[in-house]
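Source file: work.tsv (TSV, C-alpha atoms)
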chain	number	residue	atom	x	y	z
J	1	MET	CA	7.08	17.04	-16.01
J	2	ASN	CA	4.77	16.63	-18.95
J	3	HIS	CA	5.53	13.11	-20.17
J	4	TRP	CA	3.90	10.08	-18.66
J	5	TYR	CA	5.54	6.72	-19.19
J	6	MET	CA	4.49	3.20	-18.24
J	7	LEU	CA	7.42	1.33	-16.77
J	8	THR	CA	7.05	-2.45	-16.65
J	9	VAL	CA	9.62	-4.48	-14.74
J	10	VAL	CA	9.66	-8.25	-14.39
J	11	GLY	CA	12.10	-10.81	-13.09
J	12	GLU	CA	12.88	-13.26	-10.37
J	13	ASP	CA	11.55	-11.94	-7.06
J	14	ARG	CA	13.86	-10.92	-4.24
J	15	PRO	CA	13.59	-8.44	-1.36
J	16	GLY	CA	14.28	-4.76	-2.11
J	17	ILE	CA	13.37	-4.46	-5.80
J	18	VAL	CA	10.72	-1.76	-5.31
J	19	ALA	CA	12.98	0.22	-2.97
J	20	HIS	CA	15.95	0.17	-5.38
J	21	LEU	CA	13.81	0.98	-8.41
J	22	THR	CA	11.91	3.87	-6.85
J	23	HIS	CA	15.12	5.28	-5.36
J	24	ALA	CA	16.75	5.42	-8.80
J	25	LEU	CA	13.66	7.12	-10.26
J	26	TYR	CA	13.52	9.61	-7.40
J	27	GLU	CA	17.21	10.46	-7.77
J	28	GLY	CA	16.55	10.99	-11.48
J	29	GLY	CA	13.88	13.59	-10.76
J	30	CYS	CA	10.88	11.43	-11.72
J	31	ASN	CA	7.42	11.67	-10.24
J	32	LEU	CA	5.54	8.40	-9.72
J	33	GLY	CA	1.85	7.89	-10.39
J	34	GLU	CA	-0.27	4.80	-9.92
J	35	ALA	CA	1.38	1.40	-9.57
J	36	SER	CA	0.51	-2.26	-9.37
J	37	MET	CA	3.05	-4.79	-8.12
J	38	MET	CA	2.36	-8.48	-7.90
J	39	ARG	CA	4.12	-11.77	-7.50
J	40	LEU	CA	2.96	-14.01	-10.31
J	41	GLY	CA	4.17	-17.58	-10.10
J	42	GLY	CA	7.00	-16.45	-7.80
J	43	ASN	CA	8.09	-13.78	-10.28
J	44	PHE	CA	8.26	-10.12	-9.50
J	45	SER	CA	6.16	-7.85	-11.69
J	46	ILE	CA	5.35	-4.17	-11.49
J	47	MET	CA	3.67	-1.62	-13.68
J	48	LEU	CA	4.41	1.91	-12.67
J	49	MET	CA	3.33	5.29	-14.06
J	50	VAL	CA	6.40	7.52	-14.25
J	51	GLN	CA	6.28	11.23	-15.01
J	52	SER	CA	9.45	12.83	-16.31
J	53	GLU	CA	10.80	15.50	-18.64
J	54	GLU	CA	13.42	13.07	-19.85
J	55	THR	CA	13.29	10.94	-22.98
J	56	LYS	CA	12.48	7.27	-22.92
J	57	HIS	CA	16.15	6.54	-23.63
J	58	THR	CA	17.32	8.63	-20.64
J	59	LEU	CA	14.84	6.85	-18.38
J	60	GLU	CA	16.14	3.50	-19.57
J	61	SER	CA	19.70	4.55	-18.68
J	62	LEU	CA	18.49	5.80	-15.32
J	63	ILE	CA	17.13	2.44	-14.20
J	64	GLU	CA	19.66	0.31	-16.04
J	65	PRO	CA	22.07	-0.14	-13.09
J	66	VAL	CA	19.25	-1.39	-10.82
J	67	VAL	CA	17.70	-3.56	-13.50
J	68	ASP	CA	21.02	-5.14	-14.43
J	69	SER	CA	22.28	-5.67	-10.90
J	70	LEU	CA	19.03	-7.42	-9.88
J	71	GLY	CA	18.69	-9.46	-13.05
J	72	LEU	CA	15.42	-7.83	-14.10
J	73	HIS	CA	13.85	-6.91	-17.44
J	74	ALA	CA	12.38	-3.46	-17.98
J	75	HIS	CA	10.19	-2.00	-20.65
J	76	ILE	CA	9.14	1.65	-21.03
J	77	ASP	CA	6.29	3.06	-23.11
J	78	LYS	CA	5.20	6.62	-23.50
J	79	ILE	CA	1.50	6.69	-22.57
J	80	LYS	CA	-1.44	8.99	-23.09
J	81	GLY	CA	-3.05	8.09	-19.78
J	82	ARG	CA	-3.17	10.47	-16.89
J	83	LEU	CA	-4.24	10.52	-13.26
J	84	HIS	CA	-7.77	11.00	-11.93
J	85	GLU	CA	-9.33	8.66	-14.47
J	86	HIS	CA	-10.79	6.09	-12.06
J	87	GLN	CA	-13.90	4.25	-13.10
J	88	ILE	CA	-16.17	2.87	-10.40
J	89	PRO	CA	-16.96	-0.79	-11.13
J	90	ASP	CA	-20.56	-1.88	-10.57
J	91	VAL	CA	-20.11	-5.64	-10.72
J	92	ARG	CA	-17.73	-8.31	-9.40
J	93	ILE	CA	-17.48	-11.84	-10.78
J	94	HIS	CA	-15.90	-14.72	-8.89
J	95	VAL	CA	-14.87	-17.75	-10.90
J	96	TYR	CA	-13.22	-20.94	-9.75
J	97	GLY	CA	-12.81	-24.47	-10.92
J	98	ALA	CA	-10.39	-27.26	-11.70
J	99	ASP	CA	-7.69	-25.63	-13.81
J	100	ARG	CA	-7.81	-26.37	-17.50
J	101	VAL	CA	-6.78	-24.71	-20.71
J	102	GLY	CA	-9.09	-21.92	-21.87
J	103	ILE	CA	-10.93	-20.90	-18.71
J	104	ILE	CA	-10.09	-17.18	-18.88
J	105	SER	CA	-10.74	-16.96	-22.58
J	106	GLN	CA	-14.10	-18.70	-22.29
J	107	VAL	CA	-15.34	-16.77	-19.25
J	108	VAL	CA	-14.09	-13.35	-20.31
J	109	GLY	CA	-15.27	-13.88	-23.87
J	110	ALA	CA	-18.82	-14.64	-22.77
J	111	LEU	CA	-18.89	-11.74	-20.30
J	112	THR	CA	-17.50	-9.24	-22.80
J	113	GLU	CA	-20.15	-10.26	-25.29
J	114	ALA	CA	-22.76	-9.64	-22.59
J	115	GLY	CA	-21.54	-6.06	-22.12
J	116	LEU	CA	-18.84	-6.31	-19.46
J	117	SER	CA	-16.00	-3.83	-19.53
J	118	ILE	CA	-13.25	-5.12	-17.22
J	119	THR	CA	-11.60	-2.67	-14.84
J	120	ASP	CA	-9.69	-5.21	-12.73
J	121	LEU	CA	-8.77	-8.87	-13.13
J	122	GLU	CA	-6.85	-11.02	-10.71
J	123	SER	CA	-6.32	-14.72	-10.94
J	124	ASP	CA	-4.42	-17.37	-9.06
J	125	VAL	CA	-3.66	-20.99	-9.66
J	126	CYS	CA	-3.70	-22.83	-6.36
J	127	GLY	CA	-4.52	-26.34	-5.14
J	128	THR	CA	-1.80	-28.90	-5.73
J	129	GLU	CA	0.41	-29.64	-8.70
J	130	ASP	CA	-1.57	-32.70	-9.70
J	131	MET	CA	-4.95	-31.06	-8.97
J	132	PRO	CA	-4.60	-27.35	-9.71
J	133	ILE	CA	-7.50	-25.00	-8.99
J	134	TYR	CA	-8.09	-21.81	-10.88
J	135	VAL	CA	-9.48	-18.78	-8.96
J	136	MET	CA	-10.33	-15.52	-10.68
J	137	ILE	CA	-11.92	-12.27	-9.53
J	138	ILE	CA	-13.03	-9.76	-12.12
J	139	GLU	CA	-14.43	-6.30	-11.50
J	140	GLY	CA	-15.99	-4.18	-14.17
J	141	HIS	CA	-18.81	-2.14	-15.56
J	142	ALA	CA	-21.90	-3.91	-16.86
J	143	ALA	CA	-22.87	-1.74	-19.82
J	144	GLU	CA	-25.89	-3.89	-20.67
J	145	GLY	CA	-26.94	-4.58	-17.08
J	146	VAL	CA	-26.24	-7.38	-14.64
J	147	LYS	CA	-29.02	-9.59	-16.01
J	148	ALA	CA	-27.17	-10.00	-19.31
J	149	LEU	CA	-24.05	-11.07	-17.42
J	150	ARG	CA	-25.98	-13.59	-15.34
J	151	SER	CA	-27.24	-15.28	-18.50
J	152	ALA	CA	-23.70	-15.46	-19.82
J	153	LEU	CA	-22.47	-16.99	-16.56
J	154	ASP	CA	-25.22	-19.62	-16.59
J	155	ILE	CA	-23.81	-20.90	-19.86
J	156	ILE	CA	-20.29	-20.93	-18.41
J	157	ALA	CA	-21.46	-22.78	-15.29
J	158	ASN	CA	-22.67	-25.64	-17.47
J	159	SER	CA	-19.09	-26.26	-18.49
J	160	GLY	CA	-18.04	-27.15	-14.94
J	161	VAL	CA	-16.76	-23.81	-13.74
J	162	ASP	CA	-18.24	-22.24	-10.60
J	163	ALA	CA	-19.09	-18.64	-11.28
J	164	ARG	CA	-20.89	-16.10	-9.16
J	165	ILE	CA	-21.73	-12.50	-9.82
J	166	GLU	CA	-22.39	-9.75	-7.30
J	167	GLU	CA	-23.35	-6.16	-7.75
J	168	ILE	CA	-21.00	-3.63	-6.23
J	169	GLU	CA	-22.89	-0.89	-4.49
J	170	THR	CA	-20.57	2.00	-3.78
J	171	MET	CA	-21.60	4.13	-0.82
J	172	ILE	CA	-20.30	7.67	-1.15
J	173	GLY	CA	-20.60	9.54	2.14
X	1	MET	CA	-29.69	34.36	7.50
X	2	ALA	CA	-33.37	33.55	7.24
X	3	LEU	CA	-34.49	30.07	8.31
X	4	SER	CA	-35.74	29.24	4.84
X	5	GLN	CA	-32.50	30.21	3.15
X	6	MET	CA	-30.49	27.17	2.20
X	7	THR	CA	-26.83	27.17	1.43
X	8	ILE	CA	-24.56	24.64	-0.20
X	9	LEU	CA	-21.55	24.50	2.07
X	10	GLU	CA	-18.02	23.85	0.90
X	11	ILE	CA	-16.84	20.26	1.39
X	12	LEU	CA	-13.40	19.94	2.98
X	13	LYS	CA	-11.07	17.69	1.01
X	14	TYR	CA	-8.32	15.53	2.46
X	15	PRO	CA	-5.53	16.42	3.44
X	16	ASP	CA	-7.34	19.23	5.27
X	17	PRO	CA	-6.29	18.54	8.89
X	18	ARG	CA	-9.79	19.30	10.20
X	19	LEU	CA	-10.98	15.99	8.72
X	20	LYS	CA	-8.69	14.18	11.16
X	21	GLN	CA	-10.01	15.99	14.24
X	22	GLU	CA	-12.50	14.71	16.74
X	23	SER	CA	-15.77	16.66	16.79
X	24	ASP	CA	-17.40	18.12	19.91
X	25	VAL	CA	-20.63	16.97	21.52
X	26	VAL	CA	-23.61	19.19	20.66
X	27	GLU	CA	-24.99	20.78	23.82
X	28	VAL	CA	-27.25	23.55	22.55
X	29	PHE	CA	-30.27	22.71	20.40
X	30	ASP	CA	-31.32	26.09	19.02
X	31	ASP	CA	-32.17	27.87	15.77
X	32	VAL	CA	-28.51	28.13	14.85
X	33	LEU	CA	-28.28	24.33	14.94
X	34	ARG	CA	-31.53	23.96	12.98
X	35	GLU	CA	-30.32	26.33	10.28
X	36	PHE	CA	-27.02	24.54	10.05
X	37	VAL	CA	-28.73	21.15	9.67
X	38	ILE	CA	-30.87	22.50	6.81
X	39	SER	CA	-27.73	23.63	4.97
X	40	LEU	CA	-25.93	20.39	5.78
X	41	GLU	CA	-28.78	18.35	4.29
X	42	GLU	CA	-28.86	20.55	1.20
X	43	THR	CA	-25.09	20.08	0.81
X	44	MET	CA	-25.49	16.30	1.15
X	45	ARG	CA	-28.17	16.18	-1.55
X	46	ALA	CA	-25.99	18.23	-3.90
X	47	GLY	CA	-23.10	15.76	-3.54
X	48	PRO	CA	-22.23	12.86	-5.84
X	49	GLY	CA	-23.62	10.16	-3.54
X	50	GLY	CA	-26.19	12.21	-1.72
X	51	VAL	CA	-26.83	9.56	0.96
X	52	GLY	CA	-24.78	10.80	3.91
X	53	ILE	CA	-22.78	13.68	5.31
X	54	ALA	CA	-21.05	14.58	8.56
X	55	ALA	CA	-20.69	18.11	9.95
X	56	PRO	CA	-16.87	18.05	10.05
X	57	GLN	CA	-16.91	17.56	6.27
X	58	VAL	CA	-18.06	21.19	6.08
X	59	ALA	CA	-15.61	22.36	8.76
X	60	TYR	CA	-18.24	22.37	11.54
X	61	LEU	CA	-16.61	20.25	14.21
X	62	GLN	CA	-19.77	19.13	16.02
X	63	ARG	CA	-21.20	15.63	16.36
X	64	ILE	CA	-23.91	15.87	13.70
X	65	VAL	CA	-24.54	13.52	10.77
X	66	ILE	CA	-27.33	13.08	8.26
X	67	VAL	CA	-28.06	9.80	6.47
X	68	ASP	CA	-30.85	9.26	3.96
X	69	VAL	CA	-30.76	6.21	1.70
X	70	SER	CA	-34.53	6.20	1.08
X	71	ALA	CA	-34.16	7.16	-2.59
X	72	ARG	CA	-32.39	3.87	-3.38
X	73	LYS	CA	-34.33	0.91	-4.71
X	74	ASN	CA	-34.74	-2.17	-2.50
X	75	THR	CA	-32.82	-0.62	0.38
X	76	PRO	CA	-34.19	-0.99	3.93
X	77	ASN	CA	-34.12	2.44	5.55
X	78	ASN	CA	-35.30	4.76	8.31
X	79	GLY	CA	-35.93	7.70	5.99
X	80	CYS	CA	-33.95	10.87	6.55
X	81	MET	CA	-32.07	10.54	9.85
X	82	VAL	CA	-30.59	13.63	11.47
X	83	LEU	CA	-28.33	12.13	14.13
X	84	ILE	CA	-26.88	14.40	16.76
X	85	ASN	CA	-24.36	12.95	19.23
X	86	PRO	CA	-24.87	9.46	17.75
X	87	GLU	CA	-23.53	6.40	19.60
X	88	LEU	CA	-23.43	2.84	18.30
X	89	ILE	CA	-24.78	0.60	21.04
X	90	GLU	CA	-24.97	-2.72	19.20
X	91	TRP	CA	-23.44	-4.18	16.09
X	92	ASP	CA	-23.53	-7.57	14.45
X	93	GLY	CA	-22.10	-9.30	11.38
X	94	LEU	CA	-19.26	-8.03	9.22
X	95	LYS	CA	-19.33	-7.34	5.52
X	96	SER	CA	-16.93	-5.86	3.01
X	97	GLY	CA	-18.32	-3.20	0.69
X	98	ARG	CA	-17.13	-0.41	-1.53
X	99	GLU	CA	-17.05	3.14	-0.27
X	100	GLY	CA	-16.12	6.54	-1.52
X	101	CYS	CA	-16.23	9.94	0.16
X	102	MET	CA	-16.98	13.49	-0.94
X	103	SER	CA	-13.86	14.51	1.02
X	104	VAL	CA	-11.66	12.06	-0.94
X	105	PRO	CA	-12.49	12.59	-4.64
X	106	ASP	CA	-11.69	10.03	-7.35
X	107	PHE	CA	-11.08	7.06	-5.09
X	108	THR	CA	-13.20	4.14	-3.93
X	109	GLY	CA	-12.11	1.14	-1.89
X	110	ASN	CA	-13.31	-1.79	0.14
X	111	VAL	CA	-14.11	-1.36	3.82
X	112	VAL	CA	-15.40	-3.90	6.34
X	113	ARG	CA	-18.41	-2.67	8.34
X	114	ALA	CA	-20.97	-4.17	10.67
X	115	GLU	CA	-24.02	-5.42	8.76
X	116	ARG	CA	-26.52	-4.51	11.43
X	117	ILE	CA	-26.28	-1.74	14.01
X	118	THR	CA	-28.38	-0.09	16.67
X	119	LEU	CA	-27.63	3.46	17.64
X	120	THR	CA	-28.85	6.14	19.97
X	121	ALA	CA	-28.75	9.84	19.17
X	122	ARG	CA	-30.49	13.14	19.80
X	123	ASP	CA	-32.86	14.54	17.22
X	124	ILE	CA	-32.88	18.18	16.09
X	125	ASN	CA	-34.88	19.16	19.20
X	126	GLY	CA	-32.53	17.35	21.57
X	127	GLU	CA	-34.91	14.43	22.16
X	128	ALA	CA	-33.35	11.00	22.59
X	129	CYS	CA	-33.98	8.61	19.71
X	130	GLU	CA	-32.90	5.12	18.69
X	131	PHE	CA	-32.54	3.48	15.27
X	132	SER	CA	-31.74	0.03	13.96
X	133	CYS	CA	-30.08	-0.05	10.54
X	134	GLU	CA	-28.85	-2.76	8.22
X	135	GLY	CA	-26.87	-3.16	5.03
X	136	TYR	CA	-26.27	-0.08	2.94
X	137	GLU	CA	-27.85	2.25	5.51
X	138	ALA	CA	-25.77	0.76	8.34
X	139	ARG	CA	-22.65	1.24	6.19
X	140	ALA	CA	-23.51	4.90	5.54
X	141	VAL	CA	-24.12	5.56	9.26
X	142	GLN	CA	-20.80	3.97	10.27
X	143	HIS	CA	-18.93	5.92	7.56
X	144	GLU	CA	-20.44	9.20	8.80
X	145	ILE	CA	-19.91	8.49	12.52
X	146	ASP	CA	-16.25	7.79	11.70
X	147	HIS	CA	-15.97	11.39	10.46
X	148	LEU	CA	-16.97	12.58	13.96
X	149	ASN	CA	-13.98	10.70	15.35
X	150	GLY	CA	-11.54	12.07	12.77
X	151	LEU	CA	-11.50	8.84	10.76
X	152	LEU	CA	-11.79	8.53	6.99
X	153	PHE	CA	-12.62	5.36	5.05
X	154	LEU	CA	-8.96	5.51	3.98
X	155	ASP	CA	-8.14	4.54	7.59
X	156	ARG	CA	-10.14	1.32	7.19
X	157	LEU	CA	-9.31	0.15	3.65
X	158	VAL	CA	-8.76	-3.54	3.12
X	159	SER	CA	-6.65	-4.93	0.31
X	160	ARG	CA	-8.42	-5.55	-2.96
X	161	ARG	CA	-6.53	-8.74	-3.54
X	162	ASN	CA	-6.96	-10.31	-0.14
X	163	ASP	CA	-10.48	-9.13	0.43
X	164	LEU	CA	-12.11	-9.08	3.84
X	165	PHE	CA	-10.16	-10.95	6.45
X	166	LYS	CA	-6.71	-12.36	6.78
X	167	ARG	CA	-6.74	-16.04	6.08
X	168	LYS	CA	-6.56	-18.29	9.11
X	169	LYS	CA	-3.43	-20.32	9.32
X	170	TYR	CA	-4.14	-24.00	9.60
X	171	LYS	CA	-1.47	-26.26	11.00
Structure rendered as structure tokens:
Amino acid sequence: MNHWYMLTVVGEDRPGIVAHLTHALYEGGCNLGEASMMRLGGNFSIMLMVQSEETKHTLESLIEPVVDSLGLHAHIDKIKGRLHEHQIPDVRIHVYGADRVGIISQVVGALTEAGLSITDLESDVCGTEDMPIYVMIIEGHAAEGVKALRSALDIIANSGVDARIEEIETMIG
Amino acid sequence: MALSQMTILEILKYPDPRLKQESDVVEVFDDVLREFVISLEETMRAGPGGVGIAAPQVAYLQRIVIVDVSARKNTPNNGCMVLINPELIEWDGLKSGREGCMSVPDFTGNVVRAERITLTARDINGEACEFSCEGYEARAVQHEIDHLNGLLFLDRLVSRRNDLFKRKKYK
């Protein structure tokens, strides 16, 4: 069990995808690590760490029946990552505004320049079709301190996006 | 063991079943208890967070917790609190915050806790005492008292994506 792979599966969402996929992997002797599944725009998406002694090609054959029967697309990469590598974020940034082209790029660009290393990013487009709203939550590590990030956000706020930053205090008891 | 001798105790890690057990009320306030509390505090200060510990985390299934957040900047606190048989008597306000636990290494998650609490307890000599706590200190106290009831922060995690509370459904 010394190879870790990242399995990415996307496609039209329907009930039972995770169950079918994990069953096939289990039957094929795989061990599963960390996973993130989300519906994005009504599409199914999952990224799943899979540990196996098999080759990438064998893994592809293993999940092929499920992937094909459910009309999904799968992609497998051999990865260097391993478990027990969690980083504790120390800052969370909330951003929302009328949706327009370039919000993520602008916000993330400014924050990265101010020392942010992103550990988690989630965004949604909500509102209505004619007046879409963009909502984004970013967590990360502020390598150059929170003050630097606040200055970056002030600049972003001038462009009509509402942005707020909060420090994450983790209590370990 | 001499009274002055301090010991770092071993922290139980989940899935040790003792972490899911309810702890017993302390009835005897003697030198054995005092010595244990000294070691418990030393163990807390040696840990990664160093702000709170509960006796069942070191396999001592008695209702004893220690919380001390006084070393943190800008954090309202009551100093080092040794709380024996603690009981929450009032709580107010709810807030989501991130927690980790020495008994659950390499994981942190969001938990909703009361923002302000009042509690009663016994001190190391068995005298009744009362504390009011807020914010970070209140969170630490609630996390530790949970241990006395066999609860871990894993039992109270809220989803990262849908933080805090379920959205109300408007019709």
Worksheet item: CA of Leu40 in chain J and CA of Ile104 in chain J, how far apart in Å?
Response: 15.9 Å
Practice prompt. Tell me which protein, DNA and RNA residues are within 6 Å of range 56-73 of chain J, counting all atoms listed in the file, leaving out same-chain ones fewer than 3 positions away, and put them as a ChimeraX atom specification.
Written response: /J:9-11
Taking C-alpha atoms for each residue, export the selection above as a compact mmCIF listing (two decimals), in the frame of the given file.
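result.txt written:
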# COMPACT_ATOMS: atom_id res chain seq x y z
CA VAL J 9 9.62 -4.48 -14.74
CA VAL J 10 9.66 -8.25 -14.39
CA GLY J 11 12.10 -10.81 -13.09
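Residues lying at most 7 Å from (-32.8, 5.3, 9.2) in file coordinates, with all atoms listed in the file considered, are Asp68, Asn77, Asn78, Gly79, Cys80, Met81, Phe131, Cys133 and Glu137 of chain X.
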Discussion item. Please list, as an NGL selection string, the residues that have an atom at most 10 Å away from (-21.5, -7.4, -26.2) in the coordinates of this file, counting only C-alpha atoms.
Written reply: :J and (109-117 or 142-144 or 148-149)
Using all atoms listed in the file, which protein or nucleic acid residues come within 12 Å of Arg72 in chain X? Drop anything in the same chain fewer than 6 positions from it, and give the result as a compact mmCIF listing (two decimals) with C-alpha atoms, keeping the file's coordinate frame.
# COMPACT_ATOMS: atom_id res chain seq x y z
CA GLU J 169 -22.89 -0.89 -4.49
CA THR J 170 -20.57 2.00 -3.78
CA MET J 171 -21.60 4.13 -0.82
CA GLY X 49 -23.62 10.16 -3.54
CA GLY X 50 -26.19 12.21 -1.72
CA VAL X 51 -26.83 9.56 0.96
CA GLY X 79 -35.93 7.70 5.99
CA TYR X 136 -26.27 -0.08 2.94
CA GLU X 137 -27.85 2.25 5.51
Worksheet item: Within 12 Å of Ile156 in chain J, counting only C-alpha atoms, which residues qualify if same-chain residues fewer than 2 places away don't, as a ChimeraX atom specification?
Response: /J:95-97,102-111,149-154,158-164
Worksheet item: For chain X against chain J, which residues fall within 6 Å using only C-alpha atoms, given as an MDAnalysis selection string?
Response: chainID X and resid 49 52:53 98:101
Worksheet entry | Atom pair CA of Pro48 in chain X / CA of Met102 in chain X: separation (Å) |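 A separation of 7.2 Å between them.
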Fill in: Interatomic distance (Å, one decimal) between CA of Glu134 in chain X and CA of Ile38 in chain X
25.4 Å
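Within 9 Å of Gln142 in chain X, once all atoms listed in the file are used and residues closer than 2 positions along the same chain are dropped, the contacting residues are Leu88, Arg113, Ala114, Ile117, Glu137, Ala138, Arg139, Ala140, Glu144, Ile145, Asp146 and His147 of chain X.
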Once you add 5 Å to each side, what are the centre and edge lengths of the axis-aligned box holding all listed atoms of range 20-28 of chain J? One decimal in Å, as AutoDock Vina command-line options, if you can.
--center_x 14.6 --center_y 5.6 --center_z -8.4 --size_x 15.3 --size_y 20.8 --size_z 16.1
Discussion item. Which residues are near Glu42 in chain X? Cut-off 10 Å, only C-alpha atoms, ignore same chain within fewer than 3 positions. Put them as a list in words.
Written reply: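 The residues satisfying every condition are Met6, Thr7, Ile8, Leu9, Phe36, Val37, Ile38, Ser39, Arg45, Ala46, Gly47 and Gly50 of chain X.
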Worksheet entry | Shortest interatomic distance to Ile165 in chain J - which of J:His20, J:Arg39, J:Lys80, J:Lys147, counting all atoms listed in the file |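 Among J:His20, J:Arg39, J:Lys80, J:Lys147, it is J:Lys147 that comes nearest to Ile165 in chain J.
With only C-alpha atoms as the basis for measurement, X:Leu119 is the residue among X:Val104, X:Leu119, X:Ala59, X:Val69 that approaches Leu83 in chain X most closely.
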Worksheet item: Which one is closest to Glu10 in chain X: X:Gln62, X:Val25, X:Ser103, X:Thr75? Count all atoms listed in the file.
Response: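 Closest residue, counting all atoms listed in the file: X:Ser103.
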Discussion item. Could you check the closest approach to Gly97 in chain X for each of J:Gly140, J:Met47, J:Gly41, J:Arg92 and tell me which residue wins, using all atoms listed in the file?
Written reply: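 Among the listed residues, the smallest separation from Gly97 in chain X belongs to J:Arg92.
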Reconstructed N, CA, C and O atoms for range 96-108 of chain X, given as a CSV table (one decimal), keeping the file's coordinate frame:
chain,number,residue,atom,x,y,z
X,96,SER,N,-17.8,-6.8,3.8
X,96,SER,CA,-16.9,-5.9,3.0
X,96,SER,C,-17.8,-5.2,2.0
X,96,SER,O,-18.7,-5.8,1.4
X,97,GLY,N,-17.6,-3.9,1.7
X,97,GLY,CA,-18.3,-3.2,0.7
X,97,GLY,C,-17.5,-2.0,0.2
X,97,GLY,O,-16.5,-1.6,0.8
X,98,ARG,N,-17.9,-1.5,-0.9
X,98,ARG,CA,-17.1,-0.4,-1.5
X,98,ARG,C,-17.6,1.0,-1.1
X,98,ARG,O,-18.8,1.2,-1.0
X,99,GLU,N,-16.7,1.8,-0.7
X,99,GLU,CA,-17.0,3.1,-0.3
X,99,GLU,C,-16.2,4.2,-1.0
X,99,GLU,O,-15.1,4.0,-1.4
X,100,GLY,N,-16.8,5.4,-1.1
X,100,GLY,CA,-16.1,6.5,-1.5
X,100,GLY,C,-16.5,7.7,-0.6
X,100,GLY,O,-17.3,7.4,0.4
X,101,CYS,N,-16.0,8.9,-0.8
X,101,CYS,CA,-16.2,9.9,0.2
X,101,CYS,C,-16.1,11.3,-0.6
X,101,CYS,O,-15.2,11.4,-1.4
X,102,MET,N,-17.0,12.2,-0.3
X,102,MET,CA,-17.0,13.5,-0.9
X,102,MET,C,-15.7,14.2,-0.6
X,102,MET,O,-15.2,15.1,-1.3
X,103,SER,N,-15.1,13.9,0.6
X,103,SER,CA,-13.9,14.5,1.0
X,103,SER,C,-12.6,13.9,0.4
X,103,SER,O,-11.5,14.3,0.7
X,104,VAL,N,-12.8,12.8,-0.3
X,104,VAL,CA,-11.7,12.1,-0.9
X,104,VAL,C,-12.1,11.8,-2.4
X,104,VAL,O,-12.4,10.6,-2.7
X,105,PRO,N,-12.0,12.8,-3.3
X,105,PRO,CA,-12.5,12.6,-4.6
X,105,PRO,C,-11.7,11.6,-5.4
X,105,PRO,O,-10.5,11.3,-5.1
X,106,ASP,N,-12.3,10.9,-6.4
X,106,ASP,CA,-11.7,10.0,-7.4
X,106,ASP,C,-11.1,8.8,-6.7
X,106,ASP,O,-10.1,8.3,-7.2
X,107,PHE,N,-11.6,8.3,-5.6
X,107,PHE,CA,-11.1,7.1,-5.1
X,107,PHE,C,-12.2,6.3,-4.4
X,107,PHE,O,-13.0,6.9,-3.7
X,108,THR,N,-12.3,5.0,-4.7
X,108,THR,CA,-13.2,4.1,-3.9
X,108,THR,C,-12.4,2.9,-3.5
X,108,THR,O,-11.4,2.5,-4.1
